[in-house]
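Novice: Right, I'll just put the structure down here and ask away after.
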Amino acid sequence: MDFSYALIFQTFNGVVWGLIFALIALGLSLTFGLMNLMNVAHASFYMLGAVLTAQFVTRLGLGFWSGAALATISVGGLGMVVNRLVLARVVDSPPVIGLLATAGLLLVIESSTLATFGAVPVSVDPPVDATFSIFGVDYPGYRLVVAGVAVAILIVTFLLLRFTRFGLWMRAAPQQRELALISGVSSGRINTATVIIGSLLAGVAGALVAPIAGAHFQMGSSVLAVAFTVIVVGGAGNLWGAVLIAILLGVVRGVAAAFMTPSEAEILSLVLLLPVLLLRPDGVLAKARS
């Protein structure tokens, strides 16, 4: 494989992973921006999306898309339960309480997954076997499907938040809680919906990744630092700033992977964001809140 071929291939990989990061970061940013809660357990929803998809496909014999849909819905249901049992109880507490509570929740979910499904990564065959020639590079068709699905989900989420009454409530309630309460908008219901949507975004991201990377109980930890970094650099509470930075980070990682190992590329991409934090500690799009 010559260098130009590797560069193009890895750049496409970077775009795909950037869109996956964007789904994860958008869900996490929703929880932080609307509830002021840094939900560390969000990474476990991503992990469960992948693990449950792999289990539904390999053990129950479901087709990939059916397994992915069922896994995503299951993660959304778990998000609702987690919100009722844990998040709703700490949402108005000092930030450190919420951080500790969700960190403990992350460990509980990971340990439960390990005890239930074991530690061996489970691979799933991609539902699309074809490859497509792009700029002379044969690229897996499934990864192009992943990119298309991720873009479609991001667009639907944007339309939901921007052009529906429910989206207006979600954006307005955190800023004017008293006015929202007087208007009959329940902050509790808004918070529940926020957690469910965030869980669904993380779950579908994990489900889409299942055929690309082996599903295992610790895979959520690998994206946690990336997700938090993306939110901070994009501007805390800025939904679309997080999406933009996630995609850019993925592209940088992809391009760097043509020159070095994947681990070195990951480290380099995160290091390159440090000057941005020094120059814009509030985030590159801190003033453009959604």
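Convention: chains lettered A, B, ... in structure tokens order; per-chain residue numbering from 1; ligands numbered from 1 as shown.
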Go through region 89-287 of chain A and collect every residue that DSSP, computed from the backbone, puts in strand (DSSP E or B); the answer should be as an MDAnalysis selection string.

Specialist: chainID A and resid 122 131:134 137:140 215

Novice: Would you output that residue set with all heavy atoms, as an mmCIF file, in the first residue's frame?

Specialist:
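Wrote it out as again38.cif, contents follow:
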data_model
loop_
_atom_site.group_PDB
_atom_site.id
_atom_site.type_symbol
_atom_site.label_atom_id
_atom_site.label_comp_id
_atom_site.auth_asym_id
_atom_site.auth_seq_id
_atom_site.Cartn_x
_atom_site.Cartn_y
_atom_site.Cartn_z
ATOM 1 N N VAL A 122 -16.245 -9.388 20.950
ATOM 2 C CA VAL A 122 -17.103 -10.106 20.004
ATOM 3 C C VAL A 122 -17.175 -9.309 18.711
ATOM 4 O O VAL A 122 -17.486 -8.112 18.726
ATOM 5 C CB VAL A 122 -18.523 -10.302 20.574
ATOM 6 C CG1 VAL A 122 -19.408 -11.038 19.568
ATOM 7 C CG2 VAL A 122 -18.466 -11.066 21.891
ATOM 8 N N THR A 131 -17.221 -3.043 -1.558
ATOM 9 C CA THR A 131 -16.288 -1.919 -1.452
ATOM 10 C C THR A 131 -16.523 -0.983 -2.621
ATOM 11 O O THR A 131 -17.004 -1.399 -3.678
ATOM 12 C CB THR A 131 -14.829 -2.401 -1.457
ATOM 13 O OG1 THR A 131 -14.578 -3.105 -2.682
ATOM 14 C CG2 THR A 131 -14.545 -3.314 -0.271
ATOM 15 N N PHE A 132 -16.195 0.278 -2.414
ATOM 16 C CA PHE A 132 -16.396 1.294 -3.439
ATOM 17 C C PHE A 132 -15.067 1.983 -3.727
ATOM 18 O O PHE A 132 -14.299 2.261 -2.802
ATOM 19 C CB PHE A 132 -17.441 2.316 -2.991
ATOM 20 C CG PHE A 132 -18.819 1.733 -2.829
ATOM 21 C CD1 PHE A 132 -19.211 1.184 -1.610
ATOM 22 C CD2 PHE A 132 -19.712 1.715 -3.884
ATOM 23 C CE1 PHE A 132 -20.469 0.645 -1.442
ATOM 24 C CE2 PHE A 132 -20.979 1.175 -3.728
ATOM 25 C CZ PHE A 132 -21.352 0.635 -2.500
ATOM 26 N N SER A 133 -14.819 2.239 -4.992
ATOM 27 C CA SER A 133 -13.584 2.909 -5.383
ATOM 28 C C SER A 133 -13.797 4.422 -5.343
ATOM 29 O O SER A 133 -14.645 4.963 -6.071
ATOM 30 C CB SER A 133 -13.169 2.467 -6.792
ATOM 31 O OG SER A 133 -11.978 3.111 -7.182
ATOM 32 N N ILE A 134 -13.043 5.084 -4.465
ATOM 33 C CA ILE A 134 -13.131 6.537 -4.315
ATOM 34 C C ILE A 134 -11.727 7.107 -4.435
ATOM 35 O O ILE A 134 -10.850 6.763 -3.634
ATOM 36 C CB ILE A 134 -13.743 6.927 -2.956
ATOM 37 C CG1 ILE A 134 -15.092 6.239 -2.757
ATOM 38 C CG2 ILE A 134 -13.908 8.437 -2.863
ATOM 39 C CD1 ILE A 134 -15.700 6.478 -1.404
ATOM 40 N N VAL A 137 -9.191 4.518 -4.365
ATOM 41 C CA VAL A 137 -9.056 3.748 -3.129
ATOM 42 C C VAL A 137 -10.294 2.878 -2.945
ATOM 43 O O VAL A 137 -11.423 3.361 -3.038
ATOM 44 C CB VAL A 137 -8.889 4.680 -1.904
ATOM 45 C CG1 VAL A 137 -8.908 3.887 -0.614
ATOM 46 C CG2 VAL A 137 -7.602 5.473 -2.028
ATOM 47 N N ASP A 138 -10.082 1.590 -2.703
ATOM 48 C CA ASP A 138 -11.191 0.679 -2.431
ATOM 49 C C ASP A 138 -11.558 0.800 -0.954
ATOM 50 O O ASP A 138 -10.802 0.359 -0.077
ATOM 51 C CB ASP A 138 -10.781 -0.760 -2.761
ATOM 52 C CG ASP A 138 -10.563 -0.967 -4.249
ATOM 53 O OD1 ASP A 138 -11.250 -0.302 -5.047
ATOM 54 O OD2 ASP A 138 -9.688 -1.782 -4.608
ATOM 55 N N TYR A 139 -12.717 1.385 -0.702
ATOM 56 C CA TYR A 139 -13.105 1.660 0.676
ATOM 57 C C TYR A 139 -14.330 0.832 1.034
ATOM 58 O O TYR A 139 -15.266 0.700 0.233
ATOM 59 C CB TYR A 139 -13.421 3.145 0.861
ATOM 60 C CG TYR A 139 -13.448 3.568 2.309
ATOM 61 C CD1 TYR A 139 -12.268 3.670 3.041
ATOM 62 C CD2 TYR A 139 -14.645 3.836 2.959
ATOM 63 C CE1 TYR A 139 -12.285 4.031 4.377
ATOM 64 C CE2 TYR A 139 -14.672 4.206 4.285
ATOM 65 C CZ TYR A 139 -13.487 4.291 4.992
ATOM 66 O OH TYR A 139 -13.513 4.629 6.319
ATOM 67 N N PRO A 140 -14.344 0.261 2.278
ATOM 68 C CA PRO A 140 -15.481 -0.592 2.681
ATOM 69 C C PRO A 140 -16.811 0.144 2.607
ATOM 70 O O PRO A 140 -16.962 1.243 3.154
ATOM 71 C CB PRO A 140 -15.137 -0.966 4.130
ATOM 72 C CG PRO A 140 -13.655 -0.824 4.222
ATOM 73 C CD PRO A 140 -13.299 0.318 3.315
ATOM 74 N N ALA A 215 -16.563 -5.640 20.010
ATOM 75 C CA ALA A 215 -17.351 -5.117 21.125
ATOM 76 C C ALA A 215 -16.899 -5.768 22.425
ATOM 77 O O ALA A 215 -16.894 -6.995 22.538
ATOM 78 C CB ALA A 215 -18.833 -5.375 20.886
#

Novice: Of the residues A:Thr113, A:Asn39, A:Asn13, A:Thr102, which is the one nearest to Gln55 (chain A), using only C-alpha atoms?

Specialist: A:Thr113

Novice: Check the DSSP output for the backbone and give back, as an MDAnalysis selection string, the residues of region 74-222 of chain A in helix (DSSP H, G or I).

Specialist: chainID A and resid 74:90 95:117 141:163 165:172 177:182 187:209 219:222

Novice: Residues within 9 Å of Leu105 (chain A), please, as a count of residues only. Count only C-alpha atoms; anything in the same chain fewer than 3 positions from it doesn't count.

Specialist: 11

Novice: Of the candidates A:Val16, A:Gly104, A:Leu62, A:Ser111, which one gets nearest to Val145 (chain A) if we count only C-alpha atoms?

Specialist: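 Counting only C-alpha atoms, the residue closest to Val145 (chain A) is A:Val16.
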
Novice: Using only C-alpha atoms, which protein or nucleic acid residues come within 6 Å of Gly206 (chain A)? Drop anything in the same chain fewer than 6 positions from it, and give the result as a list in words.

Specialist: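 With the cut-off at 6 Å, the set is Tyr46, Met47, Gly49 and Ala50 of chain A.
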
Novice: Once you have the residues from the selection above, write them out as a PDB file, in the first residue's frame, restricted to all heavy atoms.

Specialist:
ATOM      1  N   TYR A  46     -22.510   3.973  25.128  1.00  0.00           N
ATOM      2  CA  TYR A  46     -21.851   3.662  23.856  1.00  0.00           C
ATOM      3  C   TYR A  46     -21.380   2.213  23.849  1.00  0.00           C
ATOM      4  O   TYR A  46     -21.593   1.471  22.884  1.00  0.00           O
ATOM      5  CB  TYR A  46     -20.679   4.624  23.657  1.00  0.00           C
ATOM      6  CG  TYR A  46     -19.653   4.189  22.635  1.00  0.00           C
ATOM      7  CD1 TYR A  46     -19.912   4.292  21.276  1.00  0.00           C
ATOM      8  CD2 TYR A  46     -18.415   3.688  23.045  1.00  0.00           C
ATOM      9  CE1 TYR A  46     -18.956   3.896  20.345  1.00  0.00           C
ATOM     10  CE2 TYR A  46     -17.464   3.304  22.133  1.00  0.00           C
ATOM     11  CZ  TYR A  46     -17.732   3.413  20.780  1.00  0.00           C
ATOM     12  OH  TYR A  46     -16.786   3.023  19.864  1.00  0.00           O
ATOM     13  N   MET A  47     -20.735   1.800  24.930  1.00  0.00           N
ATOM     14  CA  MET A  47     -20.248   0.427  25.044  1.00  0.00           C
ATOM     15  C   MET A  47     -21.394  -0.571  24.952  1.00  0.00           C
ATOM     16  O   MET A  47     -21.313  -1.577  24.223  1.00  0.00           O
ATOM     17  CB  MET A  47     -19.486   0.279  26.363  1.00  0.00           C
ATOM     18  CG  MET A  47     -18.990  -1.131  26.670  1.00  0.00           C
ATOM     19  SD  MET A  47     -20.211  -2.163  27.548  1.00  0.00           S
ATOM     20  CE  MET A  47     -20.296  -1.316  29.123  1.00  0.00           C
ATOM     21  N   GLY A  49     -24.280  -0.215  23.543  1.00  0.00           N
ATOM     22  CA  GLY A  49     -24.826  -0.260  22.190  1.00  0.00           C
ATOM     23  C   GLY A  49     -24.080  -1.259  21.323  1.00  0.00           C
ATOM     24  O   GLY A  49     -24.688  -2.022  20.555  1.00  0.00           O
ATOM     25  N   ALA A  50     -22.747  -1.269  21.452  1.00  0.00           N
ATOM     26  CA  ALA A  50     -21.933  -2.203  20.681  1.00  0.00           C
ATOM     27  C   ALA A  50     -22.072  -3.633  21.193  1.00  0.00           C
ATOM     28  O   ALA A  50     -22.273  -4.579  20.419  1.00  0.00           O
ATOM     29  CB  ALA A  50     -20.469  -1.768  20.714  1.00  0.00           C
TER      30      ALA A  50
END

Novice: Need the shell around Val96 (chain A): protein/DNA/RNA residues with any atom at most 10 Å away, counting only C-alpha atoms. Skip same-chain ones fewer than 6 positions apart. Format as a list in words?

Specialist: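 Contacts, with the query itself left out: Leu37, Met38, Val90 and Thr102 of chain A.
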
Novice: Pick out the closest residue to Ala71 (chain A) from this set: A:Pro262, A:Gly188, A:Gly203, A:Gly234. Count only C-alpha atoms.

Specialist: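 Smallest separation from Ala71 (chain A) among the options: A:Gly203.
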
Novice: Report, in Å with one decimal, the straight-line distance from CA of Thr11 (chain A) to CA of Leu268 (chain A).

Specialist: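 That distance, rounded to one decimal, is 15.2 Å.
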
Novice: Here is a test: counting only C-alpha atoms, which residue of A:Phe12, A:Trp17, A:Phe217, A:Phe32 is nearest to Leu99 (chain A)?

Specialist: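 Once distances to Leu99 (chain A) are computed over only C-alpha atoms, the minimum belongs to A:Phe32.
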
Novice: If I take CA of Ser112 (chain A) and CA of Met35 (chain A), how far is one from the other in Å, to one decimal?

Specialist: 26.5 Å

Novice: Between CA of Leu168 (chain A) and CA of Ala193 (chain A), what is the distance in Å, rounded to a tenth?

Specialist: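 One can read the CA of Leu168 (chain A) to CA of Ala193 (chain A) distance as 12.8 Å.
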
Novice: When you look at Gly136 (chain A) with a cut-off of 12 Å (counting only C-alpha atoms), what residues show up, excluding the ones that are within fewer than 5 positions of it in the same chain? I need them as an MDAnalysis selection string.

Specialist: chainID A and resid 2 4:9 131

Novice: When distances are computed from only C-alpha atoms, which of A:Ile231, A:Val75, A:Val195, A:Ala150 shows the smallest separation from Gly18 (chain A)?

Specialist: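 Answer, going by the shortest atom-to-atom distance: A:Ala150.
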
Novice: Return the single residue from A:Ala213, A:Ser269, A:Gly241, A:Ala202 that is closest to Ile20 (chain A), with distances computed using only C-alpha atoms.

Specialist: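 Looking at the shortest contact to Ile20 (chain A), the residue is A:Ala202.
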